[in-house]
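Engineer: Sending over a structure as structure tokens; questions will come in a sec.
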Amino acid sequence: MSKIALVTGGSRGIGAGIAIALGKAGYTVLVNYCKSDYAASSVCEKIVKAGGTAEAIKADVGFYRDVQKMFDTIEEDFGPVDVLVNNAGIEIRHPSTEYDEATYDLIMNTNLKGAFFCSQRALRTMMEKKWGRIINISSVHEERPTGNRSIYSISKAGMWMMTREHAKEFGPYGITVNSVSPGAIRTDLNRKVLEDPAYEANVLKNIPAKFIAEPEDIAGIVVFLASEESRYLNGASITVDGGLALN
Ligand code: NDP
């Protein structure tokens with residue numbers, strides 16, 4: 001029987017790339033999304049057309065009740081989650097003096113609270129099975145300040161500590177928890193800012209590899225982290241940024 005993989009925010013961008021790659025690797029993929037039904041079903045269609053198994057599952061990970069309902073449905077219809085990819089995330093740019101409470105809550109709830117409570121549900125059944133993989137999609141900004149989106153980087157710094165806390169707490173149960181920290185990946189998240197050639201040139205200036213990557217450039221490492229071959233990797237943050245962090 002194939003392993004069950006849940007990718008939060010799997011309908012677009014990096015999450016879609018990861019979902020498709022996990023589908024190709026033989027996992028039954030649950031493609032979580034919040035709003036875009038069409039995008040989620042297109043990802044599932046691609047996986048199924050390639051010979052895999054996938055189903056879209058709508059839930060706003062920022063809401064505890066949505067997370068509980070999503071896991072109840074998955075466990076009932078498919079079984080316990082073997083591989084959880086906490087990918088759903090948003091970025092809203094403002095000077096720190098201008099964020100309001102609602103925006104703070106939206107970013108933190110989506111990026112960090114959602115990942116925590118998805119992990120909590122997955123960890124409970126992974127502990128019973130004595131096997132599990134959690135891959136947190138963080139960011140180079142987990143340790144590198146942005147200068148214009150502080151709540152985003154604060155949420156990713158929290159995710160990095162969550163990775164290490166969970167890696168230590170659940171390592172004895174055959175569970176590994178790692179994070180992947182992408183640099184600049186071309187998705188809807190940054191499409192608008194990258195439309196400005198001056199902004200793009202400035203980003204490229206700091207990337208030794210001299211290109212902005214695609215979601216597929218993140219998917220490969222996630223497939224490896226989901227596999228048996230990665231069993232001795234635990235509590236790591238793997239930076240995938242074309243060398244950006246070297247600056
Ligand atoms: P996109 O904006 O392209 O896609 C975001 C995905 O998350 C969509 O599938 C969206 O679904 C889903 N999503 C958003 N909010 C929620 C929610 N509350 N509940 C469930 N799903 C939700 O983003 P990226 O692919 O660029 O980013 C994915 C992850 O990678 C994020 O965590 C981001 O921080 C991280 N990252 C991205 C980088 C980049 O350069 N792109 C760099 C470093 C890290 P829907 O459309 O239905 O809302």
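Residues in the structure tokens are named by chain (A, B, ... in the order shown) and by number from 1 within that chain; ligands are numbered from 1 in the order shown.
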Please return, as a PyMOL selection string, all residues of region 95-206 of chain A that DSSP assigns to alpha helix (DSSP H) on the basis of the backbone.
Structural biologist: chain A and resi 101-108+114-129+150-170+188-194+197-205
Engineer: Grab me every residue within 8 Å of ligand 1, counting only C-alpha atoms and all ligand atoms, and send it over as a ChimeraX atom specification.
Structural biologist: /A:8-16,32-37,39-40,58-63,86-91,106,109-111,114,137-141,152,156,181-190,215
Engineer: For a quick check of understanding, using only C-alpha atoms, which of A:Thr146, A:Thr28, A:Asn136, A:Asn206 has the smallest distance to Ser237 (chain A)?
Structural biologist: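 So, comparing all the options, the nearest one is A:Asn136.
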Engineer: Rank A:Ile175, A:Ala102, A:Leu84, A:Lys49 by their smallest atom-to-atom distance to Lys129 (chain A), using only C-alpha atoms, and report the top residue only.
Structural biologist: A:Ile175
Engineer: Find the residue from A:Met70, A:Ala50, A:Val7, A:Ile238 that sits nearest to Val29 (chain A); use only C-alpha atoms when measuring.
Structural biologist: A:Val7
Engineer: Could you pull the residues within 8 Å of region 160-166 of chain A, counting only C-alpha atoms, minus those fewer than 6 positions along the same chain, as a tab-separated table (two decimals) with C-alpha atoms, in the first residue's frame?
Structural biologist:
```tsv
chain	number	residue	atom	x	y	z
A	116	PHE	CA	2.02	23.38	14.46
A	136	ASN	CA	8.50	22.13	7.02
A	138	SER	CA	10.53	27.47	5.88
A	142	GLU	CA	14.14	31.99	9.19
A	177	VAL	CA	11.34	16.39	11.18
A	178	ASN	CA	13.36	18.63	8.90
A	179	SER	CA	12.90	21.94	7.23
A	235	GLY	CA	16.32	18.41	12.85
A	236	ALA	CA	18.12	19.86	9.85
A	237	SER	CA	17.36	22.99	7.89
```
Engineer: Between CA of Met108 (chain A) and CA of Gly243 (chain A), what is the spacing in Å?
Structural biologist: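 According to the coordinates, CA of Gly243 (chain A) and CA of Met108 (chain A) are separated by 27.3 Å.
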Engineer: Between CA of Ala122 (chain A) and CA of Val85 (chain A), what distance in Å does the model show, to one decimal?
Structural biologist: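 Between CA of Ala122 (chain A) and CA of Val85 (chain A) the gap is 10.4 Å.
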Engineer: Among the residues of region 92-233 of chain A, find those DSSP assigns to strand (DSSP E or B) from the backbone and print them as an NGL selection string.
Structural biologist: :A and (132-137 or 175-182 or 185 or 213)
Engineer: From the list A:Ala115, A:Ile20, A:Leu123, A:Ile154, which residue is nearest Ser96 (chain A) when using only C-alpha atoms?
Structural biologist: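 Among the listed residues, A:Ile154 lies closest to Ser96 (chain A).
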Engineer: One number please: CA of Ala54 (chain A) to CA of Asp217 (chain A), in Å, one decimal.
Structural biologist: 21.3 Å
Engineer: Name the closest residue to Thr103 (chain A) among the candidates A:Ile151, A:Leu204, A:Lys192, A:Ala167; distances are taken between atoms, counting only C-alpha atoms.
Structural biologist: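 Once distances to Thr103 (chain A) are computed over only C-alpha atoms, the minimum belongs to A:Ile151.
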